[in-house]
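Undergrad: Sharing a structure below in structure tokens format, with a few things to ask.
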Amino acid sequence: MRLDGKTIIITGAASGIGQASARRALEEGARVIGVDLNGDGMPDGVEPVIGDVTAAATIARAVETAGTIHGLGTIAGISRSGVAIDELSPEDWDQVFAVNVKACWQWLVGALPSMRAAGGGSVVMVASQLAFGGGRLNAAYIASKGAIVSLVKTAGFELAPDNVRVNAVAPGAIDTPMLNGSMSRAEDPAAARDYSRNRHAMKRFGQADEIANGVVYLLSDEASFSTGSVITIDGGWTAA
């Protein structure tokens with residue numbers, strides 16, 4: 001019960017890593033406010049806030065619903081894979097950054113007053129192993145995840161005096177709807193899956209629960225001396 005008595009907001013709580021993180025937080029005793037465009041898929045026990053994670057009104061509703069905020073997981077993200085860097089539209093670039101980077105900053109700023117009033121808190125964002133290695137046909141997504149690495153470092157440094165910790169997990173390829181959608185856009189989806197899977201030292205995709213375990217650790221007091229850091233959970237992708 002590492003999160004017993006804590007109120008946690010998790011975005012993207014209806015699927016993938018966000019869903020798994022919400023479920024694990026509940027199992028660890030937290031009260032969880034889940035945010036997503038669609039409530040279907042949120043674990044039983046989550047208090048849903050339905051709305052666009054980039055909208056100020058959604059943030060305000062979630063913060064009001066939560067009251068005191070002890071933790072925040074900005075898990076929601078999107079990808080526009082399968083598009084060459086010189087064919088990606090400015091609109092798609094802006095949308096990826098709006099969801100993957102700007103919204104993380106918006107949620108952090110929105111939760112800060114409550115965290116400060118509570119004497120501190122923990123924020124966990126999601127980067128990617130690709131932020132450290134690069135990739136093909138996914139420039140906006142990869143660049144956005146590199147921005148998350150920089151954001152948690154500067155936020156962790158700046159907010160340390162407030163006892164607000166800001167960290168990130170950097171997953172490898174995780175078997176989620178987002179991954180399946182990305183692979184389906186490849187010219188040869190089966191070959192793309194095989195290449196990605198075998199690129200990891202462990203020769204498999206990760207599971208959402210394996211990343212959620214890292215999220216819960218960073219949200220908990222067990223990670224009390226960790227801020228501005230990125231935990232890589234990538235099946236050996238960056239080591240291979």
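Ligands are numbered from 1 in the order shown, chains are lettered A, B, ... in the order of the structure tokens, and residues start at 1 in each chain.
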Please, which residues of chain A, numbered as in this document, come out helix (DSSP H, G or I) from DSSP, as a ChimeraX atom specification?
TA: /A:16-27,56-66,90-118,130-133,139-162,177-184,189-199,208-219,221-223
Undergrad: I'd like the neighbourhood of Gly41 (chain A) as a PDB file with N, CA and C atoms, in the first residue's frame, where a residue qualifies if any of its atoms comes within 10 Å (using only C-alpha atoms), though same-chain residues fewer than 6 positions away should be ignored.
TA:
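Output contents, as saved in part.pdb:
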```
ATOM      1  N   ALA A  13      -5.888   7.469 -18.738  1.00  0.00           N
ATOM      2  CA  ALA A  13      -6.172   6.355 -17.838  1.00  0.00           C
ATOM      3  C   ALA A  13      -7.067   5.276 -18.431  1.00  0.00           C
ATOM      4  N   ALA A  14      -7.521   5.441 -19.672  1.00  0.00           N
ATOM      5  CA  ALA A  14      -8.454   4.473 -20.252  1.00  0.00           C
ATOM      6  C   ALA A  14      -7.772   3.394 -21.087  1.00  0.00           C
ATOM      7  N   SER A  15      -6.475   3.511 -21.318  1.00  0.00           N
ATOM      8  CA  SER A  15      -5.823   2.478 -22.123  1.00  0.00           C
ATOM      9  C   SER A  15      -4.316   2.486 -21.889  1.00  0.00           C
ATOM     10  N   GLY A  16      -3.688   1.413 -22.297  1.00  0.00           N
ATOM     11  CA  GLY A  16      -2.238   1.328 -22.313  1.00  0.00           C
ATOM     12  C   GLY A  16      -1.576   1.545 -20.969  1.00  0.00           C
ATOM     13  N   GLN A  19      -3.777   3.285 -18.280  1.00  0.00           N
ATOM     14  CA  GLN A  19      -4.737   2.371 -17.658  1.00  0.00           C
ATOM     15  C   GLN A  19      -4.042   1.482 -16.631  1.00  0.00           C
TER      16      GLN A  19
END
```
Undergrad: Please list as a list in words every residue within 8 Å of Ser144 (chain A), counting only C-alpha atoms and excluding residues in the same chain fewer than 6 positions away.
TA: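 Close residues of Ser144 (chain A): Val96, Phe97, Asn100 and Val101 of chain A.
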Undergrad: So that I can check the secondary structure, give me every residue of region 62-111 of chain A assigned strand (DSSP E) by backbone DSSP, as a list in words.
TA: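 Assigned to strand (DSSP E), within region 62-111 of chain A: Gly71, Leu72, Gly73 and Thr74 of chain A.
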Undergrad: With only C-alpha atoms as the basis for distance, which of A:Ala155, A:Ile69, A:Gly146, A:Asp86 is at the shortest distance from Pro113 (chain A)?
TA: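 The shortest atom-to-atom distance to Pro113 (chain A) comes from A:Ile69.
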Undergrad: Choose the residue, out of A:His70, A:Gly172, A:Ser79, A:Val49, that has the smallest atom-to-atom separation from Gln207 (chain A); count only C-alpha atoms.
TA: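 Once distances to Gln207 (chain A) are computed over only C-alpha atoms, the minimum belongs to A:Gly172.
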Undergrad: How many Å lie between CA of Lys153 (chain A) and CA of Val230 (chain A), rounded to one decimal?
TA: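 Spanning CA of Lys153 (chain A) to CA of Val230 (chain A) is a straight-line distance of 8.5 Å.
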Undergrad: Write out as an MDAnalysis selection string which residues come within 8 Å of Thr7 (chain A) when counting only C-alpha atoms, dropping same-chain ones fewer than 3 positions away.
TA: chainID A and resid 30:33 66 68:71
Undergrad: Let's have the selection written as a PDB file, in the first residue's frame, with N, CA and C atoms.
TA:
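Below is the file that was written, result.pdb:
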```
ATOM      1  N   ALA A  30      -4.164   4.184  -3.474  1.00  0.00           N
ATOM      2  CA  ALA A  30      -4.417   5.572  -3.838  1.00  0.00           C
ATOM      3  C   ALA A  30      -5.872   5.808  -4.215  1.00  0.00           C
ATOM      4  N   ARG A  31      -6.308   7.033  -4.038  1.00  0.00           N
ATOM      5  CA  ARG A  31      -7.512   7.526  -4.689  1.00  0.00           C
ATOM      6  C   ARG A  31      -7.058   8.060  -6.041  1.00  0.00           C
ATOM      7  N   VAL A  32      -7.664   7.581  -7.118  1.00  0.00           N
ATOM      8  CA  VAL A  32      -7.194   7.897  -8.467  1.00  0.00           C
ATOM      9  C   VAL A  32      -8.248   8.676  -9.242  1.00  0.00           C
ATOM     10  N   ILE A  33      -7.850   9.820  -9.768  1.00  0.00           N
ATOM     11  CA  ILE A  33      -8.654  10.599 -10.701  1.00  0.00           C
ATOM     12  C   ILE A  33      -8.114  10.293 -12.085  1.00  0.00           C
ATOM     13  N   ALA A  66     -10.068  16.438  -7.510  1.00  0.00           N
ATOM     14  CA  ALA A  66      -9.056  15.829  -6.637  1.00  0.00           C
ATOM     15  C   ALA A  66      -8.976  16.506  -5.283  1.00  0.00           C
ATOM     16  N   THR A  68      -6.964  17.913  -2.682  1.00  0.00           N
ATOM     17  CA  THR A  68      -5.531  17.785  -2.400  1.00  0.00           C
ATOM     18  C   THR A  68      -4.907  16.805  -3.388  1.00  0.00           C
ATOM     19  N   ILE A  69      -3.801  17.211  -4.012  1.00  0.00           N
ATOM     20  CA  ILE A  69      -3.119  16.372  -5.001  1.00  0.00           C
ATOM     21  C   ILE A  69      -1.743  15.996  -4.464  1.00  0.00           C
ATOM     22  N   HIS A  70      -1.503  14.701  -4.370  1.00  0.00           N
ATOM     23  CA  HIS A  70      -0.200  14.208  -3.915  1.00  0.00           C
ATOM     24  C   HIS A  70       0.657  13.711  -5.074  1.00  0.00           C
ATOM     25  N   GLY A  71       0.017  13.321  -6.170  1.00  0.00           N
ATOM     26  CA  GLY A  71       0.767  12.781  -7.292  1.00  0.00           C
ATOM     27  C   GLY A  71       0.068  13.024  -8.606  1.00  0.00           C
TER      28      GLY A  71
END
```
Undergrad: Show me a table, sorted first by chain and then by increasing residue number, of the residues of region 26-104 of chain A having an atom at most 8 Å from region 123-132 of chain A, each with its shortest atom pair and the distance in Å to one decimal, counting only C-alpha atoms and written as JSON lines.
TA:
```
{"residue": "A:Gly71", "atom": "CA", "partner": "A:Val123", "partner_atom": "CA", "distance": 5.7}
{"residue": "A:Leu72", "atom": "CA", "partner": "A:Val123", "partner_atom": "CA", "distance": 4.7}
{"residue": "A:Gly73", "atom": "CA", "partner": "A:Val124", "partner_atom": "CA", "distance": 4.7}
{"residue": "A:Thr74", "atom": "CA", "partner": "A:Met125", "partner_atom": "CA", "distance": 5.0}
{"residue": "A:Ile75", "atom": "CA", "partner": "A:Val126", "partner_atom": "CA", "distance": 5.9}
{"residue": "A:Cys104", "atom": "CA", "partner": "A:Met125", "partner_atom": "CA", "distance": 7.2}
```
Undergrad: Let me see the file: selected residues, C-alpha atoms, as a PDB file, in the first residue's frame.
TA:
```
ATOM      1  CA  GLY A  71       0.767  12.781  -7.292  1.00  0.00           C
ATOM      2  CA  LEU A  72       0.338  13.329 -11.020  1.00  0.00           C
ATOM      3  CA  GLY A  73       1.050  10.959 -13.882  1.00  0.00           C
ATOM      4  CA  THR A  74       0.904  12.620 -17.302  1.00  0.00           C
ATOM      5  CA  ILE A  75       0.645   9.416 -19.307  1.00  0.00           C
ATOM      6  CA  CYS A 104       2.461  17.799 -19.427  1.00  0.00           C
TER       7      CYS A 104
END
```
Undergrad: With region 183-191 of chain A as the partner and 10 Å as the cut-off, tabulate the residues of region 41-110 of chain A that qualify, each row holding the nearest pair of atoms and their distance in Å to one decimal, using only C-alpha atoms, sorted by chain and rising number, as JSON lines.
TA:
```
{"residue": "A:Arg80", "atom": "CA", "partner": "A:Arg185", "partner_atom": "CA", "distance": 9.4}
{"residue": "A:Ser81", "atom": "CA", "partner": "A:Arg185", "partner_atom": "CA", "distance": 7.3}
{"residue": "A:Gly82", "atom": "CA", "partner": "A:Arg185", "partner_atom": "CA", "distance": 5.8}
{"residue": "A:Val83", "atom": "CA", "partner": "A:Arg185", "partner_atom": "CA", "distance": 9.0}
```
Undergrad: Looking at only C-alpha atoms, which of A:Trp105, A:Glu210, A:Ala139, A:Ala57 is the one that sits closest to Thr154 (chain A)?
TA: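 Smallest separation from Thr154 (chain A) among the options: A:Trp105.
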Undergrad: What's the separation between CA of Ala212 (chain A) and CA of Asp92 (chain A), in Å to one decimal place?
TA: 27.8 Å
Undergrad: Which residue out of A:Leu26, A:Val99, A:Ala192, A:Val169 has the minimum interatomic distance to Thr232 (chain A) when only C-alpha atoms are used?
TA: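 Under the stated criterion, the closest residue is A:Val169.
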Undergrad: Distance CA of Leu108 (chain A)-CA of Asp44 (chain A), one decimal place?
TA: 25.4 Å
